[in-house]
Amino acid sequence: MSIIANNITKIFGSGHTEVKAVNSVSLTVQPGEIFLIMGPSGSGKTTLITILGGLLSPTSGSVVINGENITKLKENKLPAFRLNNIGFIFQSFNLLSALTATENVTVPLIAKGMPKKKALEQVKEMLERLGLEQRLNNKPADLSGGEKQRVAIARALITKPGVILADEPTANLDSKNGHEVMLKLCAISCEENKSVIIVSHDSRIKNIAHKVLWVEDGKLIKEEEGNHKKICPHENLV
Amino acid sequence: MIFIALKNLFQEKTRLLISIGGVAFSVLLILILQGLYQGFSYRMGEYIRSQPADFWVSDDKARDMFHSISILPLEYKAKIEAVAGVAKVSPFSARQIVVNIRGKREATYLVAYDSETGIGGPNKVVQGKQYPDQGEIIIDRVFANKQKLKIDDSLLIGVDNFKVAGISEGTNLVTFQYSFVTKQDAERTFKTADITNYFLVSMRDVDKNQVAVNIEKQLPGTEVFTKQEFVENNTEFIRETFLPIVLVLLIIGFAVGVAVIGLTIFTSTIEKAKEYGVLKAIGVKNNQLYQMVLGQAFVAGLIGYSLGVILAFAVNQIVTRLVPEFISLFRLVDFILVLGATLIMSLLAAYIPIRRIAVINPAEVFKA
């Protein structure tokens, strides 16, 4: 599933308080590619990923995912589009505190209308593949940072979306867990042919990215090749 | 998505207990008040219902036994008997009077008990004699308990001494109680040898409405009520006196329920605002999130309702033993109505949290 962003601009406020958070950014991510967006705090990275994920409308420009111009989709159609096509991975994991690991991952499937029993079977299999078979019934409070992020990855993947958007996925993890998460994202892209966009300060992620985009003051200032080809293919990652 | 609602609800047990407790208190208050109102209403008509009559003939200026006194000449008895279709006519004399108990003046509704016809007798005598003799009185159990009277004790009506000969039940009118003396003692006390208050009329198997019309034609200045009409006239007294107060208290009870569930669900929604944002971001529709909030409110409401019903029965049992005047009547229809009120309570309580969820911006979840 490809992502094409055409000349996206996002302006917050007006007059003296006007801020151009994203300024004429264009990019194209092909299926199986990982793009890393880097830049200093306040450079507009998060605003950009939010627009790419259909959570925020751009002031101008368009975002086309798998041929669908999501900037033209009606507000009430966007949730279903996100549910079916985009998986989100957040910096602070954002798991639901009252639910077990298994239940957290069933949420997107149940939101799609799948019966809970069937959803649980699928989720169990996914969590086992991610090495969480001992943690199925643990709540987020009882999981380590790395385990939480793996549950979040499982939640992002469970509906088999074509696009994965990850915001600082390694920021709250130690180096070992951060590395593990990176490799899993790499495997997702390689083995499942998904388009992955990662926003991060973590330069180690360059190792799994096909392209690295540098954003500053909302503008795309530099584009360079990542090291993805050097480390792929992986074995036994996902 | 209901399973998430339940998980959220049971995650914070203290808040859940407050929510359930608030609803239970509200349901308890509403059921007890409604039970008291129904109990009072039922008791006001219970005695009238027990009297063997199809119709009550009254002075047309009196509608019930409490607001005004019906006075009818005893000679009307023969005239009513003469109306075609009438089987039996019995005078019924009763009046609220003051009795003197150990120097204390207390009100009772004194009824002339005709032991020959059974008219004017108590529903049920639970202690002592079934029929009073001259100079004897049967008093209500609640009156006996309140005044600490027992069999063979004495009280004064005017200058006449009466000995307590029996204790009755089903003769409590909430604010005062019925007492029963012989017809002769009542006539002497009321000083009404040639008048009575009502005539109780039994019919043959005829068109009863036509007979009632004929009695009114035959005796201008009278009004004929069916037993049910007369019960309702007397119950109206309770409706006029207590219903406005009961209604205010019911509204307060309802508002307490809405406020407690509303506040607990709202604070839970505020605390979990980010989680709702996450759900929105991953593609859960607003309607599904609203269902979650409604689910929480309804489950808290239904558990609170169940607890409230249990408490209402328990409180009723305890208070009835401690305070005999406490008369309540629980009807199935009231439980159904209160259940409906609880569901409305839950619906209203979910309104503000739902509005809060509607404005949560899913993009906010990207803020660390």
# chains A, B, ... in the order shown; residues from 1 in each chain; ligands from 1
call {"tool": "select_by_dssp", "arguments": {"residues": "stretch 11-202 of chain A", "states": "strand (DSSP E or B)", "output": "PyMOL selection string"}}
result
chain A and resi 11-12+19-29+34-38+60-65+68-69+86-89+163-167+195-199
call {"tool": "write_last_selection", "arguments": {"atoms": "N, CA and C atoms", "output": "compact mmCIF listing (two decimals), in the first residue's frame"}}
result
# COMPACT_ATOMS: atom_id res chain seq x y z
N ILE A 11 -1.30 25.06 8.66
CA ILE A 11 -1.12 26.34 9.37
C ILE A 11 -2.01 26.34 10.60
N PHE A 12 -1.43 26.63 11.75
CA PHE A 12 -2.21 26.79 12.98
C PHE A 12 -2.32 28.28 13.28
N VAL A 19 1.18 29.97 12.64
CA VAL A 19 2.37 29.11 12.65
C VAL A 19 2.23 28.09 11.52
N LYS A 20 3.24 28.01 10.67
CA LYS A 20 3.22 27.01 9.60
C LYS A 20 3.93 25.77 10.14
N ALA A 21 3.16 24.82 10.63
CA ALA A 21 3.76 23.64 11.25
C ALA A 21 4.33 22.70 10.19
N VAL A 22 3.65 22.61 9.06
CA VAL A 22 4.15 21.80 7.94
C VAL A 22 4.09 22.69 6.70
N ASN A 23 5.19 22.71 5.95
CA ASN A 23 5.28 23.68 4.86
C ASN A 23 5.63 22.98 3.54
N SER A 24 4.62 22.76 2.73
CA SER A 24 4.80 22.21 1.38
C SER A 24 5.63 20.93 1.35
N VAL A 25 5.21 19.95 2.11
CA VAL A 25 5.94 18.68 2.16
C VAL A 25 5.32 17.69 1.18
N SER A 26 6.15 17.07 0.40
CA SER A 26 5.68 16.00 -0.50
C SER A 26 6.56 14.77 -0.28
N LEU A 27 5.95 13.61 -0.33
CA LEU A 27 6.73 12.37 -0.23
C LEU A 27 5.92 11.22 -0.79
N THR A 28 6.62 10.18 -1.18
CA THR A 28 5.94 8.98 -1.68
C THR A 28 6.62 7.76 -1.05
N VAL A 29 5.81 6.97 -0.36
CA VAL A 29 6.33 5.75 0.27
C VAL A 29 5.68 4.56 -0.43
N ILE A 34 10.45 1.66 4.28
CA ILE A 34 10.42 2.31 5.61
C ILE A 34 11.03 3.70 5.44
N PHE A 35 10.25 4.72 5.83
CA PHE A 35 10.76 6.09 5.81
C PHE A 35 10.96 6.55 7.25
N LEU A 36 12.07 7.14 7.50
CA LEU A 36 12.32 7.71 8.84
C LEU A 36 12.28 9.22 8.71
N ILE A 37 11.44 9.86 9.51
CA ILE A 37 11.39 11.33 9.52
C ILE A 37 12.10 11.81 10.78
N MET A 38 13.12 12.60 10.57
CA MET A 38 13.91 13.10 11.71
C MET A 38 13.88 14.62 11.72
N SER A 60 -3.64 22.77 3.20
CA SER A 60 -3.69 22.54 1.76
C SER A 60 -2.85 21.30 1.43
N GLY A 61 -3.03 20.81 0.21
CA GLY A 61 -2.33 19.60 -0.19
C GLY A 61 -3.19 18.37 0.00
N SER A 62 -2.65 17.21 -0.38
CA SER A 62 -3.46 16.00 -0.27
C SER A 62 -2.61 14.81 0.18
N VAL A 63 -3.29 13.85 0.78
CA VAL A 63 -2.65 12.60 1.16
C VAL A 63 -3.44 11.47 0.50
N VAL A 64 -2.74 10.68 -0.30
CA VAL A 64 -3.42 9.58 -0.99
C VAL A 64 -2.82 8.27 -0.48
N ILE A 65 -3.68 7.42 0.11
CA ILE A 65 -3.21 6.12 0.60
C ILE A 65 -3.93 5.05 -0.20
N GLU A 68 -6.70 6.20 -2.35
CA GLU A 68 -7.80 6.94 -1.72
C GLU A 68 -7.28 8.27 -1.18
N ASN A 69 -7.85 9.37 -1.67
CA ASN A 69 -7.45 10.68 -1.19
C ASN A 69 -8.13 10.93 0.17
N ILE A 86 -4.56 1.64 8.41
CA ILE A 86 -3.40 2.22 9.09
C ILE A 86 -3.24 1.62 10.49
N GLY A 87 -2.01 1.26 10.81
CA GLY A 87 -1.70 0.81 12.17
C GLY A 87 -0.83 1.86 12.84
N PHE A 88 -1.18 2.22 14.08
CA PHE A 88 -0.42 3.26 14.78
C PHE A 88 0.41 2.64 15.91
N ILE A 89 1.63 3.13 16.03
CA ILE A 89 2.47 2.74 17.17
C ILE A 89 2.92 4.04 17.83
N VAL A 163 -0.41 0.24 5.97
CA VAL A 163 0.46 1.33 6.40
C VAL A 163 0.67 1.27 7.91
N ILE A 164 1.93 1.45 8.32
CA ILE A 164 2.22 1.53 9.76
C ILE A 164 2.85 2.91 10.02
N LEU A 165 2.27 3.64 10.95
CA LEU A 165 2.83 4.94 11.34
C LEU A 165 3.31 4.83 12.79
N ALA A 166 4.57 5.08 13.00
CA ALA A 166 5.14 4.91 14.34
C ALA A 166 5.75 6.22 14.80
N ASP A 167 5.31 6.67 15.98
CA ASP A 167 5.82 7.92 16.53
C ASP A 167 6.79 7.62 17.67
N SER A 195 3.98 -0.33 4.08
CA SER A 195 4.65 0.98 4.06
C SER A 195 4.76 1.44 5.50
N VAL A 196 5.96 1.77 5.92
CA VAL A 196 6.17 2.16 7.32
C VAL A 196 6.77 3.57 7.37
N ILE A 197 6.16 4.43 8.13
CA ILE A 197 6.74 5.76 8.35
C ILE A 197 7.01 5.89 9.85
N ILE A 198 8.24 6.22 10.17
CA ILE A 198 8.64 6.33 11.57
C ILE A 198 9.11 7.76 11.83
N VAL A 199 8.60 8.36 12.86
CA VAL A 199 9.08 9.67 13.30
C VAL A 199 9.95 9.42 14.52
call {"tool": "residues_around", "arguments": {"residues": "A:Glu103", "least_positions_apart": "3", "cutoff": "12 Å", "atoms": "only C-alpha atoms", "output": "VMD selection string"}}
result
(chain A and resid 95 to 100 106 to 110 116 to 117 119 to 124 127 135 to 140 151 to 152 154 to 155 158) or (chain B and resid 1 3 to 4 7)
call {"tool": "residues_around", "arguments": {"residues": "B:Pro52", "least_positions_apart": "3", "cutoff": "9 Å", "atoms": "only C-alpha atoms", "output": "compact mmCIF listing (two decimals) with C-alpha atoms, in the first residue's frame"}}
result
# COMPACT_ATOMS: atom_id res chain seq x y z
CA ILE B 48 -64.20 0.77 53.15
CA ARG B 49 -63.33 -2.12 50.85
CA GLY B 118 -71.59 -7.07 61.00
CA ILE B 119 -71.68 -3.55 59.51
CA LEU B 200 -74.48 0.82 52.99
CA VAL B 201 -76.58 -0.71 50.24
CA SER B 202 -76.37 -4.21 48.77
call {"tool": "interface_residues", "arguments": {"of": "chain B", "to": "chain A", "cutoff": "9 Å", "atoms": "only C-alpha atoms", "output": "number ranges by chain"}}
result
B: 1, 4, 7-11, 272, 274-276, 278-286, 288, 361-363, 365-368
call {"tool": "atom_distance", "arguments": {"atom1": "atom CA of A:Glu216", "atom2": "atom CA of A:Gly44"}}
result
7.2 Å
call {"tool": "atom_distance", "arguments": {"atom1": "atom CA of A:Glu225", "atom2": "atom CA of A:His210"}}
result
5.9 Å
call {"tool": "residues_around", "arguments": {"residues": "B:Val256", "least_positions_apart": "4", "cutoff": "8 Å", "atoms": "only C-alpha atoms", "output": "count of residues only"}}
result
5
call {"tool": "closest_residue", "arguments": {"among": "A:Glu180, A:Leu48, A:Asp202, A:Leu157", "to": "A:Asp217", "atoms": "only C-alpha atoms"}}
result
A:Leu48
call {"tool": "closest_residue", "arguments": {"among": "B:Ser41, B:Gln177, B:Thr241, B:Gln218", "to": "B:Ala82", "atoms": "only C-alpha atoms"}}
result
B:Gln218
call {"tool": "residues_around", "arguments": {"residues": "B:Leu36", "least_positions_apart": "6", "cutoff": "9 Å", "atoms": "only C-alpha atoms", "output": "mmCIF file with all heavy atoms, in the first residue's frame"}}
result
data_model
loop_
_atom_site.group_PDB
_atom_site.id
_atom_site.type_symbol
_atom_site.label_atom_id
_atom_site.label_comp_id
_atom_site.auth_asym_id
_atom_site.auth_seq_id
_atom_site.Cartn_x
_atom_site.Cartn_y
_atom_site.Cartn_z
ATOM 1 N N PHE B 326 -45.625 2.894 60.249
ATOM 2 C CA PHE B 326 -44.966 2.879 58.940
ATOM 3 C C PHE B 326 -45.654 1.830 58.065
ATOM 4 O O PHE B 326 -45.485 0.635 58.258
ATOM 5 C CB PHE B 326 -43.492 2.534 59.158
ATOM 6 C CG PHE B 326 -42.630 2.664 57.940
ATOM 7 C CD1 PHE B 326 -41.993 3.860 57.658
ATOM 8 C CD2 PHE B 326 -42.445 1.598 57.078
ATOM 9 C CE1 PHE B 326 -41.177 3.982 56.546
ATOM 10 C CE2 PHE B 326 -41.632 1.708 55.964
ATOM 11 C CZ PHE B 326 -41.001 2.908 55.709
ATOM 12 N N ILE B 327 -46.472 2.330 57.144
ATOM 13 C CA ILE B 327 -47.221 1.401 56.299
ATOM 14 C C ILE B 327 -46.714 1.543 54.884
ATOM 15 O O ILE B 327 -46.770 2.634 54.318
ATOM 16 C CB ILE B 327 -48.711 1.785 56.245
ATOM 17 C CG1 ILE B 327 -49.264 2.015 57.641
ATOM 18 C CG2 ILE B 327 -49.518 0.758 55.507
ATOM 19 C CD1 ILE B 327 -50.566 2.779 57.592
ATOM 20 N N SER B 328 -46.213 0.482 54.331
ATOM 21 C CA SER B 328 -45.785 0.604 52.938
ATOM 22 C C SER B 328 -46.339 -0.558 52.134
ATOM 23 O O SER B 328 -46.643 -1.625 52.680
ATOM 24 C CB SER B 328 -44.266 0.653 52.844
ATOM 25 O OG SER B 328 -43.737 -0.506 53.401
ATOM 26 N N LEU B 329 -46.493 -0.303 50.867
ATOM 27 C CA LEU B 329 -47.027 -1.324 49.974
ATOM 28 C C LEU B 329 -46.191 -1.299 48.712
ATOM 29 O O LEU B 329 -46.157 -0.288 48.011
ATOM 30 C CB LEU B 329 -48.497 -1.013 49.649
ATOM 31 C CG LEU B 329 -49.164 -1.948 48.654
ATOM 32 C CD1 LEU B 329 -49.349 -3.330 49.263
ATOM 33 C CD2 LEU B 329 -50.512 -1.400 48.236
ATOM 34 N N PHE B 330 -45.467 -2.387 48.465
ATOM 35 C CA PHE B 330 -44.649 -2.470 47.248
ATOM 36 C C PHE B 330 -45.447 -3.201 46.179
ATOM 37 O O PHE B 330 -45.918 -4.311 46.399
ATOM 38 C CB PHE B 330 -43.353 -3.245 47.527
ATOM 39 C CG PHE B 330 -42.404 -2.528 48.447
ATOM 40 C CD1 PHE B 330 -41.634 -3.237 49.357
ATOM 41 C CD2 PHE B 330 -42.274 -1.148 48.411
ATOM 42 C CE1 PHE B 330 -40.752 -2.591 50.204
ATOM 43 C CE2 PHE B 330 -41.388 -0.488 49.243
ATOM 44 C CZ PHE B 330 -40.631 -1.211 50.145
#
call {"tool": "select_by_dssp", "arguments": {"residues": "stretch 60-238 of chain A", "states": "alpha helix (DSSP H)", "output": "JSON, numbers by chain"}}
result
{"A": [78, 79, 80, 81, 82, 83, 84, 85, 101, 102, 103, 104, 105, 106, 107, 108, 109, 110, 111, 116, 117, 118, 119, 120, 121, 122, 123, 124, 125, 126, 127, 128, 129, 145, 146, 147, 148, 149, 150, 151, 152, 153, 154, 155, 156, 157, 175, 176, 177, 178, 179, 180, 181, 182, 183, 184, 185, 186, 187, 188, 189, 190, 191, 192, 228, 229, 230, 231]}
call {"tool": "closest_residue", "arguments": {"among": "A:Gly226, A:Lys10, A:Leu185, A:Asp142", "to": "A:Lys45", "atoms": "only C-alpha atoms"}}
result
A:Lys10
call {"tool": "residues_around", "arguments": {"residues": "B:Ile261", "least_positions_apart": "2", "cutoff": "12 Å", "atoms": "only C-alpha atoms", "output": "PyMOL selection string"}}
result
chain B and resi 9+15-26+254-259+263-269+293-294+296-305+342-353
call {"tool": "residues_around", "arguments": {"residues": "A:Gly145", "least_positions_apart": "6", "cutoff": "8 Å", "atoms": "only C-alpha atoms", "output": "list in words"}}
result
Asn172, Leu173 and Asn177 of chain A
call {"tool": "decode", "arguments": {"residues": "stretch 145-194 of chain A", "atoms": "C-alpha atoms", "output": "PDB file, in the first residue's frame"}}
result
ATOM      1  CA  GLY A 145       8.456  -1.276  28.316  1.00  0.00           C
ATOM      2  CA  GLY A 146       9.598  -3.642  25.573  1.00  0.00           C
ATOM      3  CA  GLU A 147       6.644  -5.956  26.175  1.00  0.00           C
ATOM      4  CA  LYS A 148       4.225  -3.043  26.095  1.00  0.00           C
ATOM      5  CA  GLN A 149       5.636  -1.873  22.777  1.00  0.00           C
ATOM      6  CA  ARG A 150       5.360  -5.387  21.343  1.00  0.00           C
ATOM      7  CA  VAL A 151       1.703  -5.475  22.422  1.00  0.00           C
ATOM      8  CA  ALA A 152       1.251  -2.069  20.752  1.00  0.00           C
ATOM      9  CA  ILE A 153       2.888  -3.433  17.582  1.00  0.00           C
ATOM     10  CA  ALA A 154       0.547  -6.430  17.683  1.00  0.00           C
ATOM     11  CA  ARG A 155      -2.413  -4.070  18.017  1.00  0.00           C
ATOM     12  CA  ALA A 156      -1.169  -2.046  15.036  1.00  0.00           C
ATOM     13  CA  LEU A 157      -0.735  -5.180  12.900  1.00  0.00           C
ATOM     14  CA  ILE A 158      -3.744  -7.251  13.875  1.00  0.00           C
ATOM     15  CA  THR A 159      -6.078  -5.783  11.240  1.00  0.00           C
ATOM     16  CA  LYS A 160      -3.389  -6.333   8.556  1.00  0.00           C
ATOM     17  CA  PRO A 161      -3.180  -2.658   7.560  1.00  0.00           C
ATOM     18  CA  GLY A 162      -1.050  -1.649   4.574  1.00  0.00           C
ATOM     19  CA  VAL A 163       0.459   1.334   6.399  1.00  0.00           C
ATOM     20  CA  ILE A 164       2.218   1.534   9.761  1.00  0.00           C
ATOM     21  CA  LEU A 165       2.828   4.943  11.337  1.00  0.00           C
ATOM     22  CA  ALA A 166       5.139   4.906  14.344  1.00  0.00           C
ATOM     23  CA  ASP A 167       5.821   7.921  16.526  1.00  0.00           C
ATOM     24  CA  GLU A 168       9.100   7.638  18.473  1.00  0.00           C
ATOM     25  CA  PRO A 169       8.640   3.870  18.896  1.00  0.00           C
ATOM     26  CA  THR A 170      11.974   3.413  20.691  1.00  0.00           C
ATOM     27  CA  ALA A 171      12.003   6.568  22.813  1.00  0.00           C
ATOM     28  CA  ASN A 172      10.763   4.949  26.022  1.00  0.00           C
ATOM     29  CA  LEU A 173      12.797   1.778  25.648  1.00  0.00           C
ATOM     30  CA  ASP A 174      16.285   0.744  26.693  1.00  0.00           C
ATOM     31  CA  SER A 175      18.764   0.015  23.917  1.00  0.00           C
ATOM     32  CA  LYS A 176      18.115  -3.740  23.839  1.00  0.00           C
ATOM     33  CA  ASN A 177      14.347  -3.369  23.628  1.00  0.00           C
ATOM     34  CA  GLY A 178      14.706  -0.439  21.227  1.00  0.00           C
ATOM     35  CA  HIS A 179      16.823  -2.595  18.929  1.00  0.00           C
ATOM     36  CA  GLU A 180      14.301  -5.414  19.108  1.00  0.00           C
ATOM     37  CA  VAL A 181      11.428  -3.083  18.189  1.00  0.00           C
ATOM     38  CA  MET A 182      13.465  -1.695  15.270  1.00  0.00           C
ATOM     39  CA  LEU A 183      14.068  -5.167  13.915  1.00  0.00           C
ATOM     40  CA  LYS A 184      10.412  -6.035  14.217  1.00  0.00           C
ATOM     41  CA  LEU A 185       9.426  -2.904  12.277  1.00  0.00           C
ATOM     42  CA  CYS A 186      12.002  -3.824   9.670  1.00  0.00           C
ATOM     43  CA  ALA A 187      10.574  -7.321   9.386  1.00  0.00           C
ATOM     44  CA  ILE A 188       7.032  -5.977   9.116  1.00  0.00           C
ATOM     45  CA  SER A 189       8.093  -3.934   6.123  1.00  0.00           C
ATOM     46  CA  CYS A 190      10.135  -6.677   4.452  1.00  0.00           C
ATOM     47  CA  GLU A 191       7.955  -9.710   5.068  1.00  0.00           C
ATOM     48  CA  GLU A 192       4.505  -8.192   4.962  1.00  0.00           C
ATOM     49  CA  ASN A 193       5.206  -5.569   2.300  1.00  0.00           C
ATOM     50  CA  LYS A 194       3.848  -2.728   4.415  1.00  0.00           C
TER      51      LYS A 194
END
